[in-house]
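J.: Please find start-v3.pdb (PDB, C-alpha atoms) on the next line:
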ATOM      1  CA  LEU M  33     100.302  85.086  80.905
ATOM      2  CA  LEU M  34     100.830  87.427  83.834
ATOM      3  CA  VAL M  35      98.700  85.306  86.112
ATOM      4  CA  GLU M  36     100.761  82.247  85.242
ATOM      5  CA  MET M  37     104.056  84.105  85.780
ATOM      6  CA  LYS M  38     102.954  85.712  89.040
ATOM      7  CA  ASP M  39     105.096  83.426  91.202
ATOM      8  CA  ARG M  40     108.178  84.057  89.063
ATOM      9  CA  LEU M  41     107.857  87.832  89.314
ATOM     10  CA  LYS M  42     107.679  87.920  93.124
ATOM     11  CA  ASP M  43     111.435  87.911  93.630
ATOM     12  CA  TRP M  44     112.256  90.078  90.633
ATOM     13  CA  HIS M  45     112.518  93.826  91.190
ATOM     14  CA  ALA M  46     113.269  96.387  88.513
ATOM     15  CA  GLU M  47     115.853  99.008  89.338
ATOM     16  CA  GLY M  48     114.421 102.498  89.409
ATOM     17  CA  ALA M  49     110.797 101.318  89.459
ATOM     18  CA  ARG M  50     109.389 102.931  92.554
ATOM     19  CA  PRO M  51     105.772 103.274  93.613
ATOM     20  CA  THR M  52     104.255 106.602  92.782
ATOM     21  CA  VAL M  53     102.115 108.682  95.079
ATOM     22  CA  GLY M  54      98.543 108.896  93.881
ATOM     23  CA  VAL M  55      95.032 107.579  94.199
ATOM     24  CA  VAL M  56      96.086 103.988  93.567
ATOM     25  CA  GLN M  57      98.802 103.986  96.229
ATOM     26  CA  LYS M  58      96.349 105.181  98.864
ATOM     27  CA  SER M  59      93.999 102.274  98.207
ATOM     28  CA  VAL M  60      96.479  99.400  97.723
ATOM     29  CA  GLY M  61      99.757  98.476  99.339
ATOM     30  CA  ASN M  62     103.175  99.363  98.021
ATOM     31  CA  SER M  63     103.893  95.705  97.280
ATOM     32  CA  VAL M  64     100.938  95.518  94.869
ATOM     33  CA  ILE M  65     102.141  98.618  93.026
ATOM     34  CA  ALA M  66     105.729  97.362  92.921
ATOM     35  CA  GLU M  67     104.550  93.977  91.645
ATOM     36  CA  ALA M  68     102.469  95.619  88.909
ATOM     37  CA  GLU M  69     105.354  97.885  87.873
ATOM     38  CA  SER M  70     107.727  94.910  87.767
ATOM     39  CA  ALA M  71     105.290  92.978  85.602
ATOM     40  CA  LEU M  72     104.997  95.858  83.135
ATOM     41  CA  VAL M  73     108.783  96.216  82.998
ATOM     42  CA  SER M  74     109.129  92.485  82.359
ATOM     43  CA  LEU M  75     106.715  92.894  79.446
ATOM     44  CA  GLY M  76     109.150  95.349  77.878
ATOM     45  CA  TYR M  77     107.964  98.728  79.123
ATOM     46  CA  LYS M  78     110.476 101.171  80.567
ATOM     47  CA  PRO M  79     110.273 101.707  84.349
ATOM     48  CA  GLN M  80     109.167 105.303  83.788
ATOM     49  CA  GLU M  81     106.378 104.176  81.438
ATOM     50  CA  ALA M  82     105.201 101.551  83.917
ATOM     51  CA  SER M  83     105.172 104.018  86.797
ATOM     52  CA  LYS M  84     103.342 106.621  84.733
ATOM     53  CA  ALA M  85     100.724 104.099  83.554
ATOM     54  CA  ILE M  86     100.007 102.961  87.098
ATOM     55  CA  SER M  87      99.888 106.468  88.527
ATOM     56  CA  ALA M  88      97.363 107.446  85.822
ATOM     57  CA  ILE M  89      94.823 104.957  87.177
ATOM     58  CA  LYS M  90      92.181 106.771  89.187
ATOM     59  CA  THR M  91      90.213 103.738  90.404
ATOM     60  CA  PRO M  92      90.441 103.497  94.201
ATOM     61  CA  ASP M  93      88.887 100.013  94.472
ATOM     62  CA  ILE M  94      91.836  97.990  93.124
ATOM     63  CA  GLU M  95      92.181  94.754  95.100
ATOM     64  CA  ASN M  96      95.275  93.128  93.608
ATOM     65  CA  SER M  97      98.122  93.557  91.161
ATOM     66  CA  GLU M  98      96.324  91.656  88.403
ATOM     67  CA  GLN M  99      93.572  94.271  88.241
ATOM     68  CA  LEU M 100      96.133  97.058  88.373
ATOM     69  CA  ILE M 101      98.160  95.542  85.514
ATOM     70  CA  ARG M 102      95.078  95.053  83.344
ATOM     71  CA  LEU M 103      93.929  98.640  83.840
ATOM     72  CA  ALA M 104      97.419 100.002  83.187
ATOM     73  CA  LEU M 105      97.754  97.990  79.967
ATOM     74  CA  ARG M 106      94.284  99.019  78.850
ATOM     75  CA  ASN M 107      95.153 102.694  79.430
ATOM     76  CA  MET M 108      98.479 102.367  77.627
ATOM     77  CA  VAL M 109      96.795 100.952  74.524
ATOM     78  CA  ASN M 110      94.054 103.573  74.358
TER      79      ASN M 110
END
Just give me the structure of the file as structure tokens.

T.:
Amino acid sequence: LLVEMKDRLKDWHAEGARPTVGVVQKSVGNSVIAEAESALVSLGYKPQEASKAISAIKTPDIENSEQLIRLALRNMVN
């Protein structure tokens, strides 16, 4: 679903959802983090929850927002 909606989420930005400083931000660009946070917010998570879920990811080899979203969702469920 997120992959299919990727083009629709590009122009949408959630208020208050800002990239967090952490391991993930050092390895990927701010736009990837912002895109992942926006996707999580569009799925119904609060901006704070989305930011916290993304900042909790300690994998430095993230290549794109899709991987980041999957890992964040997986961590939120566990």

J.: For a test of reading the model, state the distance in Å between atom CA of M:Lys90 and atom CA of M:Asn62, rounded to one decimal.

T.: 15.9 Å

J.: Please measure the separation of atom CA of M:Ser63 and atom CA of M:Gly76, giving the value in Å to one decimal.

T.: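 Going from atom CA of M:Ser63 over to atom CA of M:Gly76 covers 20.1 Å.
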
J.: Under the PyMOL selection byres ((chain M and resi 105) around 12), which residues of this model are included? Write them out as a list of chain:residue names.

T.: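 Written out, the selection comes to M:Leu34, M:Ala68, M:Glu69, M:Ala71, M:Leu72, M:Val73, M:Leu75, M:Gly76, M:Tyr77, M:Glu81, M:Ala82, M:Ser83, M:Lys84, M:Ala85, M:Ile86, M:Ala88, M:Ile89, M:Glu98, M:Gln99, M:Leu100, M:Ile101, M:Arg102, M:Leu103, M:Ala104, M:Arg106, M:Asn107, M:Met108, M:Val109, M:Asn110.
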